[in-house]
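Okay, model.txt now, which holds compact mmCIF, C-alpha atoms:
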```txt
# COMPACT_ATOMS: atom_id res chain seq x y z
CA MET A 121 109.82 74.90 100.48
CA PRO A 122 107.25 72.89 102.46
CA ASP A 123 105.39 70.19 100.58
CA THR A 124 101.73 70.51 99.76
CA PRO A 125 99.43 68.90 102.35
CA PHE A 126 96.94 66.31 101.12
CA TRP A 127 93.31 67.32 101.36
CA GLU A 128 92.45 64.12 103.31
CA ASP A 129 94.92 65.05 106.06
CA ILE A 130 93.38 68.45 106.80
CA GLU A 131 90.72 68.84 109.48
CA VAL A 132 88.63 71.77 110.62
CA GLY A 133 90.59 73.64 113.29
CA HIS A 134 93.97 72.96 111.67
CA GLU A 135 96.25 75.96 112.26
CA LEU A 136 98.30 77.40 109.41
CA PRO A 137 101.85 78.39 110.41
CA THR A 138 101.86 81.91 111.86
CA ILE A 139 104.03 84.62 110.31
CA VAL A 140 105.14 87.72 112.22
CA LYS A 141 105.89 90.83 110.13
CA ARG A 142 107.39 94.09 111.30
CA PRO A 143 107.18 96.44 108.30
CA SER A 144 109.62 99.35 108.52
CA THR A 145 109.06 102.69 106.79
CA ARG A 146 111.69 101.52 104.32
CA GLN A 147 109.56 98.43 103.60
CA LEU A 148 106.53 100.65 102.98
CA VAL A 149 108.55 102.68 100.48
CA LYS A 150 109.59 99.46 98.73
CA TYR A 151 105.97 98.37 98.63
CA ALA A 152 104.90 101.76 97.29
CA GLY A 153 107.42 101.38 94.46
CA ALA A 154 106.58 97.76 93.64
CA SER A 155 102.79 98.22 93.81
CA GLY A 156 102.56 101.73 92.39
CA ASP A 157 100.57 102.93 95.41
CA PHE A 158 102.20 106.27 96.18
CA TYR A 159 99.55 107.64 98.53
CA GLU A 160 101.56 109.90 100.86
CA VAL A 161 100.08 108.49 104.10
CA HIS A 162 102.53 105.59 103.73
CA TYR A 163 105.81 107.57 103.64
CA ASP A 164 105.25 111.32 104.25
CA LYS A 165 104.66 111.77 107.97
CA ASP A 166 103.88 115.51 107.71
CA PHE A 167 101.15 114.73 105.19
CA ALA A 168 99.73 111.93 107.34
CA VAL A 169 99.57 114.13 110.43
CA GLU A 170 98.07 117.02 108.46
CA ILE A 171 95.09 114.90 107.37
CA GLY A 172 94.49 113.75 110.94
CA LEU A 173 96.34 110.44 111.19
CA PRO A 174 98.60 109.83 114.17
CA GLY A 175 101.46 109.09 111.77
CA LEU A 176 102.38 106.83 108.84
CA ILE A 177 100.15 103.82 108.24
CA VAL A 178 100.81 100.46 106.62
CA HIS A 179 99.25 99.89 103.16
CA GLY A 180 96.09 97.80 103.48
CA ALA A 181 97.14 95.89 100.38
CA LEU A 182 100.45 94.99 102.06
CA LYS A 183 98.48 93.39 104.89
CA ASN A 184 96.47 91.61 102.21
CA ALA A 185 99.76 90.29 100.82
CA TYR A 186 100.88 89.14 104.30
CA LEU A 187 97.69 87.12 104.77
CA GLY A 188 98.13 85.74 101.25
CA GLN A 189 101.62 84.58 102.25
CA VAL A 190 100.20 82.71 105.25
CA VAL A 191 98.06 80.71 102.84
CA THR A 192 100.47 80.23 99.91
CA GLY A 193 103.32 79.30 102.27
CA TRP A 194 101.16 76.64 103.92
CA MET A 195 99.57 75.18 100.77
CA GLY A 196 102.95 74.66 99.09
CA PRO A 197 103.73 74.30 95.38
CA ASP A 198 100.79 72.07 94.44
CA GLY A 199 98.07 73.95 96.31
CA VAL A 200 95.95 76.37 94.28
CA LEU A 201 94.62 79.58 95.80
CA ARG A 202 91.04 80.07 94.58
CA LYS A 203 89.83 82.98 96.73
CA LEU A 204 91.35 85.51 99.09
CA SER A 205 89.32 88.18 100.91
CA VAL A 206 90.38 90.77 103.46
CA ARG A 207 88.62 93.46 105.49
CA TYR A 208 90.61 96.27 107.07
CA ARG A 209 89.21 96.96 110.55
CA GLY A 210 91.95 99.25 111.83
CA THR A 211 95.13 100.92 110.68
CA ASP A 212 98.61 99.63 111.48
CA VAL A 213 101.81 101.55 112.01
CA PRO A 214 105.31 100.76 110.75
CA GLY A 215 107.58 99.20 113.37
CA ASP A 216 104.79 97.22 115.04
CA ASP A 217 104.75 93.42 115.17
CA LEU A 218 101.92 92.14 113.00
CA THR A 219 101.02 88.52 113.71
CA CYS A 220 99.41 86.87 110.68
CA SER A 221 97.64 83.58 111.19
CA GLY A 222 95.10 81.24 109.68
CA ARG A 223 92.83 78.39 110.70
CA VAL A 224 90.88 75.85 108.64
CA THR A 225 87.11 76.37 108.92
CA LYS A 226 85.73 74.00 106.27
CA VAL A 227 86.90 70.95 104.31
CA TYR A 228 84.68 70.01 101.37
CA GLU A 229 84.28 68.92 97.76
CA GLN A 230 82.69 71.10 95.13
CA ASP A 231 82.35 70.33 91.40
CA GLY A 232 85.03 67.66 91.70
CA ALA A 233 87.52 69.99 93.42
CA HIS A 234 88.87 69.25 96.91
CA LEU A 235 88.69 72.49 98.84
CA VAL A 236 89.60 73.98 102.19
CA ASP A 237 88.33 77.28 103.59
CA CYS A 238 90.47 79.23 106.07
CA ALA A 239 89.81 82.16 108.38
CA LEU A 240 92.69 84.65 108.50
CA THR A 241 93.62 87.28 111.06
CA LEU A 242 96.26 89.95 111.39
CA GLN A 243 96.78 91.14 114.92
CA ASN A 244 98.87 94.09 116.13
CA SER A 245 101.08 94.07 119.24
CA GLN A 246 98.14 95.40 121.31
CA GLY A 247 96.23 92.23 120.45
CA GLU A 248 93.76 94.06 118.18
CA GLN A 249 92.61 92.28 115.02
CA THR A 250 93.18 95.07 112.52
CA THR A 251 92.58 92.87 109.48
CA THR A 252 90.48 89.76 109.03
CA GLY A 253 90.01 87.59 105.99
CA THR A 254 89.13 84.29 104.39
CA ALA A 255 90.72 82.08 101.77
CA THR A 256 89.71 79.07 99.69
CA VAL A 257 92.44 76.64 98.64
CA GLN A 258 92.30 73.62 96.36
CA LEU A 259 94.51 70.74 97.54
CA PRO A 260 95.62 67.51 95.88
CA THR A 261 94.29 64.15 97.10
CA LYS A 262 96.20 60.96 97.80
CA GLY A 263 94.43 59.30 94.89
CA GLY A 264 95.97 61.94 92.59
CA MET B 206 84.59 122.42 110.46
CA ALA B 207 84.52 121.50 106.79
CA GLU B 208 81.45 122.42 104.76
CA GLU B 209 78.91 119.68 104.12
CA LYS B 210 79.82 118.02 100.86
CA SER B 211 77.88 115.50 98.87
CA LEU B 212 77.88 113.51 95.67
CA SER B 213 74.81 114.10 93.51
CA PRO B 214 72.83 111.15 92.11
CA GLU B 215 73.94 112.30 88.64
CA ALA B 216 77.59 112.13 89.66
CA ARG B 217 77.06 108.69 91.14
CA ARG B 218 75.44 107.46 87.94
CA ALA B 219 78.19 109.03 85.83
CA LEU B 220 80.76 107.06 87.81
CA THR B 221 79.03 103.69 87.53
CA GLU B 222 78.41 104.22 83.79
CA ARG B 223 81.91 105.41 83.05
CA ASP B 224 83.89 103.49 80.45
CA ILE B 225 87.37 103.15 81.89
CA PRO B 226 89.99 102.27 79.28
CA PRO B 227 91.53 98.84 79.95
CA ALA B 228 94.98 98.80 81.53
CA VAL B 229 97.60 96.51 80.00
CA MET B 230 100.76 95.35 81.76
CA ASP B 231 103.59 92.99 80.81
CA ILE B 232 104.52 90.76 83.73
CA GLU B 233 108.27 91.23 84.11
CA ARG B 234 110.52 88.97 86.16
CA GLY B 235 112.28 91.87 87.89
CA HIS B 236 109.00 93.53 88.84
CA VAL B 237 107.63 90.29 90.30
CA ARG B 238 110.88 89.81 92.26
CA ARG B 239 110.78 93.38 93.60
CA PHE B 240 107.16 92.91 94.60
CA ALA B 241 107.96 89.65 96.44
CA GLU B 242 110.82 91.46 98.23
CA ALA B 243 108.52 94.35 99.11
CA ILE B 244 106.02 92.02 100.78
CA GLY B 245 108.85 90.09 102.45
CA ASP B 246 107.98 86.73 100.86
CA ASP B 247 111.17 84.89 99.84
CA SER B 248 109.45 81.75 98.49
CA ASP B 249 111.04 80.54 95.24
CA ARG B 250 107.47 80.04 94.03
CA TRP B 251 107.60 83.68 92.86
CA ALA B 252 110.48 83.13 90.42
CA ASP B 253 107.99 82.44 87.60
CA VAL B 254 104.54 83.13 89.03
CA ALA B 255 103.20 86.38 90.49
CA PRO B 256 102.08 86.48 94.16
CA PRO B 257 98.28 86.62 94.61
CA THR B 258 98.04 90.36 95.24
CA PHE B 259 100.56 91.36 92.56
CA LEU B 260 97.85 92.52 90.14
CA ARG B 261 97.04 95.26 92.61
CA ALA B 262 99.90 97.09 90.87
CA MET B 263 97.57 97.66 87.91
CA LEU B 264 94.94 99.48 90.00
CA SER B 265 97.16 102.51 90.37
CA GLU B 266 96.42 103.18 86.69
CA LEU B 267 92.86 104.28 87.55
CA PRO B 268 91.96 107.59 85.92
CA SER B 269 91.12 110.47 88.21
CA ALA B 270 87.40 111.09 88.65
CA PRO B 271 86.47 114.79 88.78
CA GLU B 272 83.26 113.86 90.65
CA LEU B 273 85.39 112.77 93.61
CA GLU B 274 87.55 115.89 93.93
CA ALA B 275 85.64 116.99 97.04
CA PHE B 276 86.66 113.69 98.68
CA PRO B 277 90.45 113.77 98.33
CA GLN B 278 91.46 111.36 101.10
CA MET B 279 91.29 107.59 100.75
CA LEU B 280 90.89 104.56 102.94
CA ASP B 281 91.10 101.03 101.64
CA GLY B 282 88.18 99.01 103.01
CA GLY B 283 89.24 95.59 101.79
CA SER B 284 89.37 93.28 98.79
CA ASP B 285 87.80 90.08 97.51
CA TRP B 286 89.99 88.20 95.04
CA GLU B 287 89.04 85.20 92.93
CA TYR B 288 91.62 83.40 90.87
CA GLY B 289 91.68 81.47 87.61
CA GLU B 290 94.81 80.72 85.60
CA PRO B 291 98.11 81.67 87.28
CA VAL B 292 99.81 84.94 86.32
CA ARG B 293 103.22 84.00 84.92
CA VAL B 294 106.32 85.99 84.08
CA GLY B 295 106.04 86.81 80.37
CA ASP B 296 102.25 87.16 80.40
CA THR B 297 100.53 90.30 79.22
CA ILE B 298 97.60 91.07 81.50
CA THR B 299 94.64 93.22 80.60
CA ALA B 300 92.61 94.73 83.44
CA VAL B 301 89.07 95.95 82.85
CA THR B 302 87.78 98.07 85.71
CA ARG B 303 84.41 99.54 86.55
CA PHE B 304 82.82 101.24 89.51
CA ALA B 305 80.31 98.54 90.44
CA SER B 306 78.60 100.71 93.04
CA VAL B 307 78.95 104.21 94.46
CA ASN B 308 77.25 105.16 97.73
CA GLN B 309 77.53 108.03 100.15
CA ARG B 310 77.52 107.41 103.89
CA ASN B 311 78.69 109.30 106.94
CA ILE B 312 81.77 108.08 108.74
CA GLY B 313 83.46 109.56 111.82
CA VAL B 314 85.09 112.39 109.90
CA GLY B 315 81.97 113.35 107.89
CA PRO B 316 80.45 112.42 104.52
CA ALA B 317 82.29 109.68 102.67
CA VAL B 318 81.90 107.92 99.34
CA PHE B 319 82.07 104.12 99.28
CA LEU B 320 83.24 102.84 95.91
CA GLN B 321 83.07 99.19 94.88
CA ILE B 322 85.76 98.88 92.24
CA GLU B 323 85.59 95.66 90.25
CA THR B 324 88.52 94.64 88.08
CA ARG B 325 88.61 91.61 85.82
CA TYR B 326 92.04 90.46 84.67
CA THR B 327 92.74 88.28 81.63
CA ASN B 328 95.98 87.12 80.01
CA GLN B 329 97.20 87.36 76.39
CA ARG B 330 95.27 84.18 75.48
CA GLY B 331 92.04 85.64 76.82
CA ASP B 332 92.06 83.27 79.83
CA TRP B 333 90.55 84.69 82.99
CA VAL B 334 93.26 85.00 85.67
CA ALA B 335 91.59 86.98 88.47
CA THR B 336 88.81 89.28 89.59
CA GLN B 337 89.33 91.81 92.36
CA LYS B 338 86.48 93.60 94.13
CA ASN B 339 87.97 96.43 96.12
CA THR B 340 86.12 98.73 98.52
CA LEU B 341 87.57 102.23 98.49
CA ILE B 342 86.38 104.89 100.92
CA ARG B 343 86.93 108.53 99.89
CA TYR B 344 86.35 111.36 102.32
```

Have the structure of the file written as C-alpha cells, please.
Amino acid sequence: MPDTPFWEDIEVGHELPTIVKRPSTRQLVKYAGASGDFYEVHYDKDFAVEIGLPGLIVHGALKNAYLGQVVTGWMGPDGVLRKLSVRYRGTDVPGDDLTCSGRVTKVYEQDGAHLVDCALTLQNSQGEQTTTGTATVQLPTKGG
Amino acid sequence: MAEEKSLSPEARRALTERDIPPAVMDIERGHVRRFAEAIGDDSDRWADVAPPTFLRAMLSELPSAPELEAFPQMLDGGSDWEYGEPVRVGDTITAVTRFASVNQRNIGVGPAVFLQIETRYTNQRGDWVATQKNTLIRY
C-alpha cells in the first residue's frame, strides 16, 4: 500500500495515479449483488434495448466508486476523505476502457485541517468525459 | 408517442413531506469484501473499513412511491458525499432519507422528474458517518 503523502509536499497541478477499469457484464452483476442495485439496464440486454438504450450500461454508482478509488488509493492509509462528488454526463458500456484520473486543484487550511481539493474525470475509450467529479482530502503534516 | 404525463404540485409536496422509515444495516465483513471485489479495489484498507460509496447499498431500501409510477425508468444524475466518522466492520448504520426536492423538467425523451434524495447516515453511537445527496431522474 502506498504511504500517505504529506500535505506540504502537494502542489496544485499534482496528478493522482490514473486507474484504467474495464468492467465486464460479470462485474456489473457482482456490483448489482453487492450494492443491491438490481435495475435491469445493468444486466438484462433485452430490457435495456426495449427502453431505448443501445445496450447494457455501467452503474453510475460504480463509476463513483472508481473515482473514489483514485482518491483513496493516492491518499493512503492516513489520508481522510472528507467529500466526494460525481456528475454523470454520459453512459458507459461494459467492455470499454474507462480511464479514471485526478488532479489537485487547491491546497489549503480550514479550521485547523490541512486539505487538498481534487478534480476527477472518467473518460471512455472515445475520449469522452462521461463522469466528472471533485474530492476533498485531509492529509497529515510533517509536524504531525 | 407516449401521452403527456406530469406530476401534480400535490404529488410533489406529498413526496417532499413523506416520512420514510429509517433503514438499518449491520456492516458485515463479507459484504464489505464482496463490495470491494465488485468495484475492483483490492486495497487491504477495506478489511475493516467500508469503501466510500459502500453506504449506497442502503439506498436500495427506498420504498416505492406511487406518485412516480408514471415515470418508471431511472437515470442516476450524480452524488455528493460528505464524510464524518469511518464506517467500520461491526458497526450498525442507520440511514434517514428524505426527498429534499422534486421538480419536473423536460429531457430528450419527454417529461422527467428530478429527485434530490438526501440520506444522512449515523452509527450505533449516534456519530455522523456520512451524508449523500443523490440526484435521481425518473422518466

Practice problem: Compute the chain A side of the contact with chain B at 8 Å, counting only C-alpha atoms, and hand it back as a count of residues only. | Solution: 28

Quiz item: What is the distance, in Å and to one decimal place, between CA of Gly153 in chain A and CA of Val294 in chain B?
Solution: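 CA of Val294 in chain B lies 18.6 Å from CA of Gly153 in chain A.
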
Self-check item: All residues 10 Å or closer to range 165-175 of chain A, all atoms listed in the file, same chain fewer than 6 positions away omitted, as a list in words
Solution: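 What passes the distance filter is Tyr159, Thr211, Asp212, Val213 and Pro214 of chain A; Gln278 and Val314 of chain B.
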
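With distances taken over all atoms listed in the file, B:Tyr344 is the one residue among B:Glu215, B:Ala275, B:Tyr344, B:Arg325 lying closest to Gly313 in chain B.
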
Quiz item: What is the distance between CA of Val140 in chain A and CA of His179 in chain A, in Å to one decimal?
Solution: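 That distance, rounded to one decimal, is 16.3 Å.
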
Please put the answer as AutoDock Vina command-line options: centre and edge lengths, in Å with one decimal, of a box along x, y and z that encloses all listed atoms of range 209-220 of chain A plus 5 Å on each side.
```
--center_x 98.4 --center_y 94.2 --center_z 112.9 --size_x 28.4 --size_y 24.7 --size_z 14.6
```

Practice problem: Please measure the separation of CA of Cys238 in chain A and CA of Gly222 in chain A, giving the value in Å to one decimal. | Solution: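 Rounded to one decimal, the two atoms are 6.2 Å apart.
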
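Using only C-alpha atoms, the shortest contact distance between Ser213 in chain B and any of B:Ile232, B:Ile342, B:Val307, B:Ala255 is found at B:Val307.
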